[in-house]
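Data block for final03.cif (mmCIF, C-alpha atoms):
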data_query
loop_
_atom_site.label_atom_id
_atom_site.label_comp_id
_atom_site.auth_asym_id
_atom_site.auth_seq_id
_atom_site.Cartn_x
_atom_site.Cartn_y
_atom_site.Cartn_z
CA MET A 13 -72.31 54.98 -61.80
CA ILE A 14 -72.86 51.45 -60.65
CA TYR A 15 -72.10 48.52 -62.94
CA SER A 16 -73.06 45.73 -60.51
CA TYR A 17 -75.83 45.20 -58.06
CA ILE A 18 -73.66 43.32 -55.54
CA THR A 19 -71.04 44.98 -53.37
CA PRO A 20 -67.50 43.87 -54.29
CA LYS A 21 -65.60 41.61 -51.88
CA LYS A 22 -62.27 42.84 -50.72
CA LYS A 23 -59.56 40.54 -52.07
CA SER A 24 -57.11 39.25 -49.41
CA ILE A 25 -53.55 38.21 -50.05
CA PHE A 26 -54.03 35.19 -47.75
CA THR A 27 -55.92 33.05 -50.11
CA GLN A 28 -56.46 29.40 -49.27
CA GLU A 29 -53.41 28.37 -51.24
CA VAL A 30 -51.23 30.91 -49.46
CA GLN A 31 -52.53 29.81 -46.09
CA LEU A 32 -51.82 26.19 -46.91
CA LEU A 33 -48.36 27.09 -48.02
CA LEU A 34 -47.70 29.17 -44.92
CA SER A 35 -48.83 26.35 -42.64
CA PHE A 36 -46.52 24.03 -44.47
CA PHE A 37 -43.69 26.56 -44.12
CA THR A 38 -44.36 27.04 -40.46
CA ILE A 39 -44.40 23.31 -39.74
CA THR A 40 -41.18 22.83 -41.69
CA ILE A 41 -39.39 25.69 -39.93
CA VAL A 42 -40.62 24.55 -36.51
CA MET A 43 -39.39 21.02 -37.21
CA LEU A 44 -36.01 22.32 -38.35
CA LEU A 45 -35.67 24.53 -35.32
CA MET A 46 -36.71 21.70 -33.00
CA THR A 47 -34.14 19.41 -34.53
CA TYR A 48 -31.53 22.10 -34.17
CA SER A 49 -32.52 22.73 -30.53
CA PHE A 50 -32.34 19.01 -29.83
CA LEU A 51 -28.86 18.83 -31.34
CA VAL A 52 -27.65 21.89 -29.44
CA PHE A 53 -29.05 20.53 -26.17
CA LYS A 54 -27.54 17.08 -26.72
CA ASN A 55 -24.16 18.56 -27.67
CA TYR A 56 -24.20 20.64 -24.51
CA SER A 57 -25.27 17.65 -22.44
CA PHE A 58 -22.50 15.46 -23.99
CA THR A 59 -19.91 18.14 -23.26
CA GLN A 60 -21.07 18.38 -19.65
CA GLU A 61 -21.09 14.58 -19.24
CA LYS A 62 -17.63 14.38 -20.78
CA LYS A 63 -16.34 17.00 -18.37
CA SER A 64 -17.96 15.22 -15.44
CA LEU A 65 -16.50 11.86 -16.51
CA SER A 66 -13.04 13.40 -16.92
CA THR A 67 -13.23 14.94 -13.43
CA GLN A 68 -14.40 11.64 -11.96
CA LYS A 69 -11.61 9.82 -13.77
CA VAL A 70 -9.01 12.21 -12.36
CA GLU A 71 -10.44 11.62 -8.87
CA LEU A 72 -10.32 7.86 -9.42
CA GLU A 73 -6.73 8.11 -10.64
CA LYS A 74 -5.75 10.01 -7.50
CA SER A 75 -7.58 7.54 -5.28
CA LEU A 76 -6.01 4.64 -7.17
CA LEU A 77 -2.53 6.05 -6.70
CA ILE A 78 -3.12 6.47 -2.97
CA MET A 79 -4.46 2.92 -2.73
CA LYS A 80 -1.49 1.54 -4.66
CA ASP A 81 0.87 3.31 -2.28
CA LYS A 82 -1.03 1.89 0.68
CA ILE A 83 -0.94 -1.62 -0.79
CA ALA A 84 2.80 -1.33 -1.40
CA TYR A 85 3.34 -0.07 2.13
CA ILE A 86 1.26 -2.82 3.73
CA GLU A 87 3.13 -5.43 1.68
CA LYS A 88 6.38 -3.88 2.84
CA GLN A 89 5.18 -4.04 6.45
CA LYS A 90 4.10 -7.63 5.95
CA MET A 91 7.43 -8.63 4.42
CA LEU A 92 9.45 -6.92 7.16
CA SER A 93 7.35 -8.44 9.92
CA GLU A 94 7.68 -11.90 8.40
CA THR A 95 11.45 -11.46 8.11
CA ILE A 96 11.64 -10.34 11.75
CA TYR A 97 9.46 -13.19 12.97
CA THR A 98 11.59 -15.65 11.02
CA GLN A 99 14.79 -14.11 12.44
CA ASN A 100 13.40 -14.45 15.96
CA ILE A 101 12.50 -18.10 15.38
CA VAL A 102 15.91 -18.79 13.83
CA LEU A 103 17.54 -17.09 16.82
CA LYS A 104 15.55 -19.23 19.21
CA ASP A 105 16.56 -22.40 17.36
CA SER A 106 20.20 -21.24 17.27
CA ILE A 107 20.30 -20.63 21.03
CA SER A 108 18.53 -23.91 21.65
CA ASN A 109 21.04 -25.75 19.42
CA LEU A 110 23.92 -24.00 21.15
CA PHE A 111 22.84 -25.12 24.60
CA ASP A 112 22.16 -28.65 23.27
CA LEU A 113 25.68 -28.66 21.85
CA VAL A 114 27.30 -28.30 25.27
CA PRO A 115 27.94 -31.73 26.79
CA LEU A 116 26.81 -32.46 30.33
CA ARG A 117 30.36 -32.68 31.67
CA ILE A 118 31.17 -29.14 30.55
CA THR A 119 29.57 -26.26 32.43
CA LEU A 120 29.10 -22.90 30.78
CA SER A 121 29.42 -19.78 32.90
CA GLU A 122 28.84 -17.23 30.17
CA ALA A 123 27.84 -17.14 26.52
CA GLN A 124 28.01 -14.17 24.23
CA LEU A 125 26.16 -14.47 20.95
CA LEU A 126 27.51 -12.01 18.43
CA LYS A 127 26.32 -11.21 14.97
CA ASN A 128 29.10 -13.24 13.38
CA GLY A 129 30.42 -15.22 16.28
CA LEU A 130 30.10 -16.89 19.63
CA ILE A 131 32.19 -16.54 22.77
CA LEU A 132 31.81 -19.20 25.43
CA TYR A 133 33.21 -19.14 28.94
CA GLY A 134 33.05 -22.29 31.03
CA ILE A 135 34.75 -25.03 32.94
CA THR A 136 35.78 -28.48 31.72
CA PRO A 137 37.19 -31.48 33.60
CA ASN A 138 40.03 -31.75 31.08
CA LYS A 139 41.12 -30.42 27.73
CA ASP A 140 40.32 -33.65 25.86
CA ILE A 141 36.67 -33.59 26.79
CA TYR A 142 36.51 -29.98 25.64
CA ASN A 143 38.39 -30.68 22.41
CA PHE A 144 36.35 -33.72 21.40
CA MET A 145 32.95 -32.87 22.73
CA LEU A 146 32.69 -29.13 22.28
CA GLN A 147 35.41 -27.76 20.07
CA ALA A 148 34.87 -30.34 17.31
CA PRO A 149 31.22 -29.45 16.72
CA LEU A 150 32.02 -25.74 17.07
CA ARG A 151 34.70 -26.07 14.38
CA SER A 152 32.20 -27.61 12.03
CA ILE A 153 29.94 -24.60 12.47
CA PHE A 154 32.37 -21.68 12.58
CA HIS A 155 35.18 -20.73 10.23
CA ARG A 156 37.60 -19.68 12.93
CA THR A 157 37.78 -21.14 16.42
CA TYR A 158 40.22 -20.12 19.15
CA SER A 159 40.40 -21.67 22.61
CA SER A 160 42.39 -20.78 25.69
CA PHE A 161 42.54 -22.63 28.99
CA TYR A 162 43.26 -21.51 32.54
CA PRO A 163 43.72 -24.05 35.31
CA ALA A 164 41.05 -23.93 37.99
CA LYS A 165 41.67 -24.72 41.66
CA ASP A 166 40.16 -28.23 41.64
CA GLY A 167 42.25 -29.49 38.71
CA TRP A 168 39.61 -28.58 36.14
CA PHE A 169 40.18 -26.03 33.39
CA ARG A 170 38.44 -22.78 32.76
CA PHE A 171 38.18 -22.12 29.04
CA VAL A 172 37.36 -19.30 26.70
CA SER A 173 36.17 -20.39 23.29
CA THR A 174 36.02 -17.69 20.64
CA ASN A 175 34.36 -18.61 17.37
CA TYR A 176 33.75 -16.54 14.26
CA THR A 177 32.13 -17.02 10.92
CA ASP A 178 33.54 -15.11 7.99
CA ASN A 179 31.19 -13.31 5.67
CA GLU A 180 30.71 -14.86 2.26
CA GLU A 181 32.05 -11.66 0.70
CA GLU A 182 35.23 -11.79 2.78
CA LEU A 183 35.73 -15.44 1.81
CA ASP A 184 35.30 -14.61 -1.85
CA ASN A 185 37.84 -11.78 -1.53
CA ASP A 186 40.34 -14.10 0.15
CA GLU A 187 40.00 -16.58 -2.70
CA MET B 16 -48.03 36.32 -69.41
CA ASN B 17 -51.61 36.78 -68.48
CA SER B 18 -52.02 32.97 -68.09
CA ILE B 19 -49.93 32.95 -64.82
CA SER B 20 -51.78 34.86 -62.18
CA ARG B 21 -49.99 37.16 -59.77
CA GLN B 22 -50.89 34.94 -56.85
CA TYR B 23 -49.01 32.00 -58.32
CA ILE B 24 -46.01 34.18 -58.77
CA TYR B 25 -46.15 35.09 -55.08
CA LEU B 26 -46.47 31.44 -54.18
CA MET B 27 -43.49 30.54 -56.28
CA ILE B 28 -41.37 33.29 -54.77
CA VAL B 29 -42.28 32.35 -51.23
CA SER B 30 -41.66 28.67 -51.99
CA MET B 31 -38.26 29.53 -53.40
CA ILE B 32 -37.40 31.56 -50.30
CA LEU B 33 -38.38 28.66 -48.07
CA PHE B 34 -36.44 26.22 -50.17
CA ILE B 35 -33.35 28.39 -50.03
CA PHE B 36 -33.78 28.92 -46.28
CA VAL B 37 -34.15 25.18 -45.68
CA LEU B 38 -31.13 24.44 -47.79
CA LEU B 39 -28.97 27.08 -46.15
CA PHE B 40 -30.13 26.19 -42.65
CA SER B 41 -29.51 22.51 -43.27
CA PHE B 42 -26.07 22.85 -44.79
CA LEU B 43 -24.76 25.65 -42.64
CA VAL B 44 -26.27 24.83 -39.26
CA LEU B 45 -28.06 21.51 -39.00
CA ILE B 46 -25.59 19.20 -40.71
CA PRO B 47 -22.53 20.54 -38.83
CA SER B 48 -24.48 20.26 -35.57
CA GLY B 49 -25.49 16.71 -36.44
CA LYS B 50 -21.92 15.84 -37.26
CA GLU B 51 -20.76 17.28 -33.95
CA TYR B 52 -23.52 15.36 -32.19
CA ARG B 53 -22.43 12.09 -33.76
CA ILE B 54 -18.76 12.65 -32.97
CA LYS B 55 -19.53 13.67 -29.38
CA ARG B 56 -21.81 10.68 -28.89
CA VAL B 57 -19.08 8.29 -30.06
CA GLU B 58 -16.50 10.03 -27.88
CA LEU B 59 -18.78 9.90 -24.86
CA LYS B 60 -19.48 6.22 -25.42
CA LYS B 61 -15.75 5.55 -25.63
CA LEU B 62 -15.07 7.63 -22.54
CA SER B 63 -17.90 5.95 -20.64
CA ARG B 64 -16.50 2.54 -21.51
CA GLU B 65 -13.03 3.59 -20.42
CA PHE B 66 -14.42 5.08 -17.24
CA ARG B 67 -16.38 1.90 -16.50
CA ASP B 68 -13.26 -0.23 -16.99
CA TYR B 69 -11.24 2.15 -14.86
CA SER B 70 -13.93 2.19 -12.21
CA ASN B 71 -13.96 -1.63 -12.15
CA PHE B 72 -10.18 -1.65 -11.80
CA HIS B 73 -10.49 0.91 -9.00
CA ASN B 74 -13.03 -1.28 -7.21
CA GLU B 75 -10.83 -4.35 -7.61
CA THR B 76 -7.86 -2.45 -6.18
CA GLN B 77 -10.03 -1.26 -3.30
CA GLU B 78 -11.08 -4.84 -2.59
CA THR B 79 -7.44 -5.94 -2.71
CA LEU B 80 -6.52 -3.20 -0.25
CA GLN B 81 -9.35 -4.11 2.11
CA ASP B 82 -8.48 -7.78 1.86
CA LEU B 83 -4.84 -7.03 2.56
CA ARG B 84 -5.81 -4.81 5.50
CA SER B 85 -8.05 -7.41 7.05
CA LYS B 86 -5.48 -10.18 6.58
CA ASN B 87 -2.65 -8.09 8.04
CA ARG B 88 -4.60 -6.18 10.67
CA ARG B 89 -2.31 -7.35 13.47
CA VAL B 90 0.86 -6.32 11.63
CA ILE B 91 -0.57 -2.91 10.66
CA THR B 92 -1.68 -2.24 14.24
CA ALA B 93 1.71 -3.39 15.51
CA PHE B 94 3.52 -0.93 13.25
CA ASP B 95 1.15 1.82 14.38
CA ALA B 96 1.50 0.98 18.05
CA THR B 97 3.35 3.31 20.37
CA PHE B 98 6.05 1.41 22.21
CA ASN B 99 5.57 1.74 25.91
CA PRO B 100 8.48 0.21 27.90
CA ASP B 101 6.45 -0.04 31.14
CA ARG B 102 3.65 -1.87 29.44
CA PHE B 103 6.13 -4.14 27.66
CA GLU B 104 7.74 -4.98 31.02
CA ARG B 105 4.37 -5.75 32.58
CA GLU B 106 3.27 -7.96 29.70
CA ASN B 107 6.49 -9.97 29.45
CA LYS B 108 7.50 -10.14 33.09
CA HIS B 109 6.08 -13.63 33.49
CA TYR B 110 8.79 -15.05 31.21
CA PHE B 111 11.56 -13.74 33.47
CA SER B 112 12.48 -13.57 37.15
CA GLU B 113 13.37 -9.97 36.48
CA LEU B 114 13.04 -7.76 33.41
CA ARG B 115 14.30 -4.25 32.85
CA VAL B 116 13.83 -2.29 29.68
CA ALA B 117 16.21 0.63 29.32
CA SER B 118 15.33 3.97 27.86
CA LEU B 119 14.62 4.27 24.18
CA SER B 120 17.21 5.46 21.75
CA GLU B 121 16.51 8.14 19.19
CA PRO B 122 14.72 6.52 16.27
CA THR B 123 16.74 5.71 13.21
CA LEU B 124 15.48 5.03 9.74
CA GLU B 125 15.72 1.50 8.37
CA ASN B 126 14.04 0.39 5.13
CA GLY B 127 11.67 3.32 5.42
CA PHE B 128 10.60 2.44 8.97
CA GLY B 129 11.47 4.08 12.25
CA VAL B 130 13.54 1.85 14.53
CA TYR B 131 14.07 2.24 18.26
CA GLU B 132 16.84 0.28 19.95
CA VAL B 133 15.97 -0.87 23.43
CA ASN B 134 18.50 -2.41 25.79
CA THR B 135 17.04 -5.11 27.95
CA THR B 136 18.43 -6.91 30.96
CA SER B 137 16.72 -9.84 32.54
CA GLN B 138 17.12 -12.86 34.75
CA ILE B 139 15.83 -16.26 33.72
CA SER B 140 15.69 -19.53 35.57
CA SER B 141 16.27 -21.65 32.46
CA PRO B 142 16.85 -21.09 28.74
CA LYS B 143 13.30 -22.33 28.12
CA SER B 144 11.95 -19.10 29.57
CA PHE B 145 13.94 -17.24 26.95
CA TYR B 146 12.60 -19.50 24.19
CA ASP B 147 9.06 -18.84 25.39
CA PHE B 148 9.81 -15.12 25.40
CA LEU B 149 11.02 -15.33 21.78
CA ASP B 150 7.85 -17.19 20.83
CA GLY B 151 5.76 -14.66 22.68
CA ILE B 152 7.45 -11.66 21.14
CA ASN B 153 6.28 -12.76 17.69
CA LYS B 154 2.71 -12.57 18.95
CA SER B 155 3.12 -9.29 20.79
CA GLU B 156 1.48 -6.02 19.83
CA TYR B 157 4.78 -4.58 18.58
CA ILE B 158 7.15 -5.55 15.79
CA ILE B 159 10.27 -6.47 17.73
CA ALA B 160 13.47 -8.04 16.48
CA ILE B 161 15.90 -9.41 19.03
CA ASN B 162 19.28 -8.12 18.09
CA PHE B 163 22.83 -9.20 18.72
CA PRO B 164 24.82 -9.19 20.95
CA ILE B 165 23.00 -11.44 23.38
CA ASN B 166 24.76 -12.28 26.62
CA PHE B 167 23.93 -15.06 29.01
CA LYS B 168 25.82 -15.18 32.31
CA ARG B 169 25.36 -17.72 35.07
CA ASP B 170 24.82 -16.14 38.44
CA GLY B 171 24.21 -18.87 41.00
CA GLU B 172 20.91 -20.54 40.15
CA VAL B 173 19.79 -17.92 37.66
CA ILE B 174 21.00 -16.80 34.25
CA LYS B 175 21.44 -13.11 33.70
CA SER B 176 20.74 -12.13 30.15
CA SER B 177 21.14 -8.89 28.31
CA PHE B 178 20.17 -8.17 24.74
CA THR B 179 19.06 -5.40 22.45
CA MET B 180 15.65 -5.23 20.90
CA LYS B 181 14.79 -3.33 17.77
CA VAL B 182 11.27 -1.97 17.82
CA TYR B 183 9.94 -1.14 14.37
CA CYS B 184 7.25 1.41 13.75
CA ASN B 185 5.92 3.53 10.92
CA ASN B 186 8.10 6.41 9.92
CA ARG B 187 6.21 9.56 10.82
CA ASP B 188 7.61 11.51 7.89
CA THR B 189 6.37 9.15 5.22
CA ASN B 190 3.34 7.44 6.72
CA SER B 191 1.90 9.53 9.43
CA THR B 192 -0.19 6.73 10.86
CA ALA B 193 2.87 6.19 12.97
CA SER B 194 3.17 7.71 16.36
CA GLU B 195 6.17 8.51 18.45
CA SER B 196 7.13 5.95 21.04
CA LYS B 197 7.09 7.11 24.60
CA LYS B 198 10.38 7.73 26.21
CA LYS B 199 10.73 6.10 29.52
#

Can you give me the file's structure in the form of structure tokens?
Amino acid sequence: MIYSYITPKKKSIFTQEVQLLLSFFTITIVMLLMTYSFLVFKNYSFTQEKKSLSTQKVELEKSLLIMKDKIAYIEKQKMLSETIYTQNIVLKDSISNLFDLVPLRITLSEAQLLKNGLILYGITPNKDIYNFMLQAPLRSIFHRTYSSFYPAKDGWFRFVSTNYTDNEEELDNDE
Amino acid sequence: MNSISRQYIYLMIVSMILFIFVLLFSFLVLIPSGKEYRIKRVELKKLSREFRDYSNFHNETQETLQDLRSKNRRVITAFDATFNPDRFERENKHYFSELRVASLSEPTLENGFGVYEVNTTSQISSPKSFYDFLDGINKSEYIIAINFPINFKRDGEVIKSSFTMKVYCNNRDTNSTASESKKK
């Protein structure tokens, strides 16, 4: 028995309200998931960057240490070379002063320059010239001066002058 | 009860589920992740700043090293140079009437550098030649210190001289830029 002339419509659960609500839900969930994905990606990227920076820093530290060693070594080389150059110049001046010290009337036959002394061999017309013109200045330079004379054939004297400087430490100990 | 339709009840239930899901997701996942993100970002910024400062310091040190190298190129090369007695004789012969460089000693260690002692005998016409030699040795391609004892002996018109030279070079054990000097 039919009560209506129209055929009944089948009722769906997805009414307009439900559809609207579902779209809203979907958008919300997608936004949440996107935010979460962004955070996860950024956290991963930060971790990677941090690792990379740490590795680079370790490399820099190593390189820096090597460079510091090299700088120290070059400075050491520089200092040593300057000391040696200065020593050579001082030596040159010392030898020059030594030869200037010898008066014209005295002739040197041999000179031995030691680390803490000087030994001179030579010939002098007489002892006085030696004593006043050579020994006096030598005495003012060296702490200990010893001289010995040997008569030469022509009336002149051969001499050996031995001169030493005492180390500062030795002098302090003596005092 | 009949005033609230079944559909509205569904809607309310689904809305509640979403609300609970959003709340749980936010508090359990999103907020901790955000917190971690913020902390990591601050840490990275700090690390980046430190790294930048460190990198600048590294660059400055590199510049200092390069500057030092260029200013002391001659000294560095001299310490690296291999002492060759024949070459030394050839290069310094003009200061002397005669120059002989004896064989090299075994290297010793002094202040972290290798040192060869070289005995030298020579003949000079005047002390000035020796002074010129001492000036020249400071400009030579080796680091050489003239060492005591130094002997000068008159022999007719010439002066015979003998002295010891100390040739400094890099110690091979510590800085292997050094090379072994040739034995004559």

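Candidate residues A:Lys165, A:Lys63, A:Arg151, A:Arg156 were compared for distance to chain B, and the nearest is A:Lys63, using only C-alpha atoms.
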
Could you tell me which residues the PyMOL selection byres ((chain A and resi 150) around 10) returns for this structure, as a PyMOL selection string? chain A and resi 110+113-114+130+143+145-149+151-157+173-176

I need the residue set behind the PyMOL selection byres ((chain B) within 6 of (chain A)) for this file; please write it as a PyMOL selection string. chain B and resi 45+52+80+146+153+160+163-169

Selected residues written out with C-alpha atoms, as an mmCIF file, in the frame of the given file:
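So the final result, stored in selection10.cif, reads:
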data_model
loop_
_atom_site.group_PDB
_atom_site.id
_atom_site.type_symbol
_atom_site.label_atom_id
_atom_site.label_comp_id
_atom_site.auth_asym_id
_atom_site.auth_seq_id
_atom_site.Cartn_x
_atom_site.Cartn_y
_atom_site.Cartn_z
ATOM 1 C CA LEU B 45 -28.060 21.510 -39.000
ATOM 2 C CA TYR B 52 -23.520 15.360 -32.190
ATOM 3 C CA LEU B 80 -6.520 -3.200 -0.250
ATOM 4 C CA TYR B 146 12.600 -19.500 24.190
ATOM 5 C CA ASN B 153 6.280 -12.760 17.690
ATOM 6 C CA ALA B 160 13.470 -8.040 16.480
ATOM 7 C CA PHE B 163 22.830 -9.200 18.720
ATOM 8 C CA PRO B 164 24.820 -9.190 20.950
ATOM 9 C CA ILE B 165 23.000 -11.440 23.380
ATOM 10 C CA ASN B 166 24.760 -12.280 26.620
ATOM 11 C CA PHE B 167 23.930 -15.060 29.010
ATOM 12 C CA LYS B 168 25.820 -15.180 32.310
ATOM 13 C CA ARG B 169 25.360 -17.720 35.070
#

For the structure provided, state which residues fall under the PyMOL selection byres ((chain B and resi 121-138) around 8), and present them as a JSON list (two decimals) with C-alpha atoms, keeping the file's coordinate frame.
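Resulting contents of selection-v1.json:
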[["chain", "number", "residue", "atom", "x", "y", "z"],
["B", 111, "PHE", "CA", 11.56, -13.74, 33.47],
["B", 112, "SER", "CA", 12.48, -13.57, 37.15],
["B", 113, "GLU", "CA", 13.37, -9.97, 36.48],
["B", 114, "LEU", "CA", 13.04, -7.76, 33.41],
["B", 115, "ARG", "CA", 14.30, -4.25, 32.85],
["B", 116, "VAL", "CA", 13.83, -2.29, 29.68],
["B", 117, "ALA", "CA", 16.21, 0.63, 29.32],
["B", 118, "SER", "CA", 15.33, 3.97, 27.86],
["B", 119, "LEU", "CA", 14.62, 4.27, 24.18],
["B", 120, "SER", "CA", 17.21, 5.46, 21.75],
["B", 139, "ILE", "CA", 15.83, -16.26, 33.72],
["B", 140, "SER", "CA", 15.69, -19.53, 35.57],
["B", 173, "VAL", "CA", 19.79, -17.92, 37.66],
["B", 174, "ILE", "CA", 21.00, -16.80, 34.25],
["B", 175, "LYS", "CA", 21.44, -13.11, 33.70],
["B", 176, "SER", "CA", 20.74, -12.13, 30.15],
["B", 177, "SER", "CA", 21.14, -8.89, 28.31],
["B", 178, "PHE", "CA", 20.17, -8.17, 24.74],
["B", 179, "THR", "CA", 19.06, -5.40, 22.45],
["B", 180, "MET", "CA", 15.65, -5.23, 20.90],
["B", 181, "LYS", "CA", 14.79, -3.33, 17.77],
["B", 182, "VAL", "CA", 11.27, -1.97, 17.82],
["B", 183, "TYR", "CA", 9.94, -1.14, 14.37],
["B", 184, "CYS", "CA", 7.25, 1.41, 13.75],
["B", 185, "ASN", "CA", 5.92, 3.53, 10.92],
["B", 186, "ASN", "CA", 8.10, 6.41, 9.92],
["B", 187, "ARG", "CA", 6.21, 9.56, 10.82],
["B", 189, "THR", "CA", 6.37, 9.15, 5.22]]

Could you work out how far CA of Phe148 (chain B) lies from CA of Tyr110 (chain B), giving the answer in Å with one decimal? 5.9 Å

Shell around Phe171 (chain A) at 9 Å using all atoms listed in the file, local window under 2 positions removed, as a PyMOL selection string: chain A and resi 132-136+139+142+159-163+169+173

Distance of CA of Phe36 (chain A) from CA of Val29 (chain B), expressed in Å to one decimal place: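 Separation between CA of Val29 (chain B) and CA of Phe36 (chain A): 11.5 Å.
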
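CA of Ser64 (chain A) is positioned 14.7 Å from CA of Arg56 (chain B).
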
Starting from the block above, write region 54-104 of chain B out to a file with C-alpha atoms, as an mmCIF file, in the first residue's frame, please.
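Done, and the output landed in part.cif:
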data_model
loop_
_atom_site.group_PDB
_atom_site.id
_atom_site.type_symbol
_atom_site.label_atom_id
_atom_site.label_comp_id
_atom_site.auth_asym_id
_atom_site.auth_seq_id
_atom_site.Cartn_x
_atom_site.Cartn_y
_atom_site.Cartn_z
ATOM 1 C CA ILE B 54 65.883 25.687 22.176
ATOM 2 C CA LYS B 55 67.726 24.296 19.152
ATOM 3 C CA ARG B 56 67.375 27.557 17.270
ATOM 4 C CA VAL B 57 68.869 29.514 20.181
ATOM 5 C CA GLU B 58 71.673 26.966 20.546
ATOM 6 C CA LEU B 59 72.436 27.074 16.843
ATOM 7 C CA LYS B 60 72.501 30.865 16.865
ATOM 8 C CA LYS B 61 74.912 30.798 19.795
ATOM 9 C CA LEU B 62 77.059 28.168 18.131
ATOM 10 C CA SER B 63 77.037 30.061 14.838
ATOM 11 C CA ARG B 64 78.170 33.214 16.607
ATOM 12 C CA GLU B 65 80.923 31.334 18.400
ATOM 13 C CA PHE B 66 81.961 29.677 15.166
ATOM 14 C CA ARG B 67 82.033 33.022 13.362
ATOM 15 C CA ASP B 68 84.212 34.536 16.101
ATOM 16 C CA TYR B 69 86.457 31.493 16.056
ATOM 17 C CA SER B 70 86.646 31.582 12.289
ATOM 18 C CA ASN B 71 87.620 35.274 12.395
ATOM 19 C CA PHE B 72 90.312 34.479 14.955
ATOM 20 C CA HIS B 73 91.500 31.625 12.732
ATOM 21 C CA ASN B 74 91.710 33.975 9.750
ATOM 22 C CA GLU B 75 93.601 36.561 11.790
ATOM 23 C CA THR B 76 96.073 33.904 12.939
ATOM 24 C CA GLN B 77 96.465 32.740 9.345
ATOM 25 C CA GLU B 78 97.200 36.301 8.254
ATOM 26 C CA THR B 79 99.729 36.652 11.075
ATOM 27 C CA LEU B 80 101.419 33.435 9.988
ATOM 28 C CA GLN B 81 101.538 34.516 6.352
ATOM 29 C CA ASP B 82 102.831 37.923 7.323
ATOM 30 C CA LEU B 83 105.491 36.358 9.519
ATOM 31 C CA ARG B 84 106.443 33.951 6.725
ATOM 32 C CA SER B 85 106.785 36.672 4.142
ATOM 33 C CA LYS B 86 108.779 38.908 6.486
ATOM 34 C CA ASN B 87 111.137 36.093 7.503
ATOM 35 C CA ARG B 88 111.312 34.222 4.214
ATOM 36 C CA ARG B 89 115.106 34.457 4.077
ATOM 37 C CA VAL B 90 115.546 33.112 7.619
ATOM 38 C CA ILE B 91 113.069 30.252 7.059
ATOM 39 C CA THR B 92 114.784 29.269 3.806
ATOM 40 C CA ALA B 93 118.167 29.497 5.504
ATOM 41 C CA PHE B 94 117.081 27.108 8.254
ATOM 42 C CA ASP B 95 115.685 24.750 5.621
ATOM 43 C CA ALA B 96 118.781 24.918 3.448
ATOM 44 C CA THR B 97 121.066 21.931 3.156
ATOM 45 C CA PHE B 98 124.607 22.942 4.009
ATOM 46 C CA ASN B 99 126.901 22.133 1.155
ATOM 47 C CA PRO B 100 130.592 22.720 2.035
ATOM 48 C CA ASP B 101 131.696 22.863 -1.626
ATOM 49 C CA ARG B 102 129.127 25.460 -2.468
ATOM 50 C CA PHE B 103 129.999 27.440 0.664
ATOM 51 C CA GLU B 104 133.674 27.399 -0.369
#
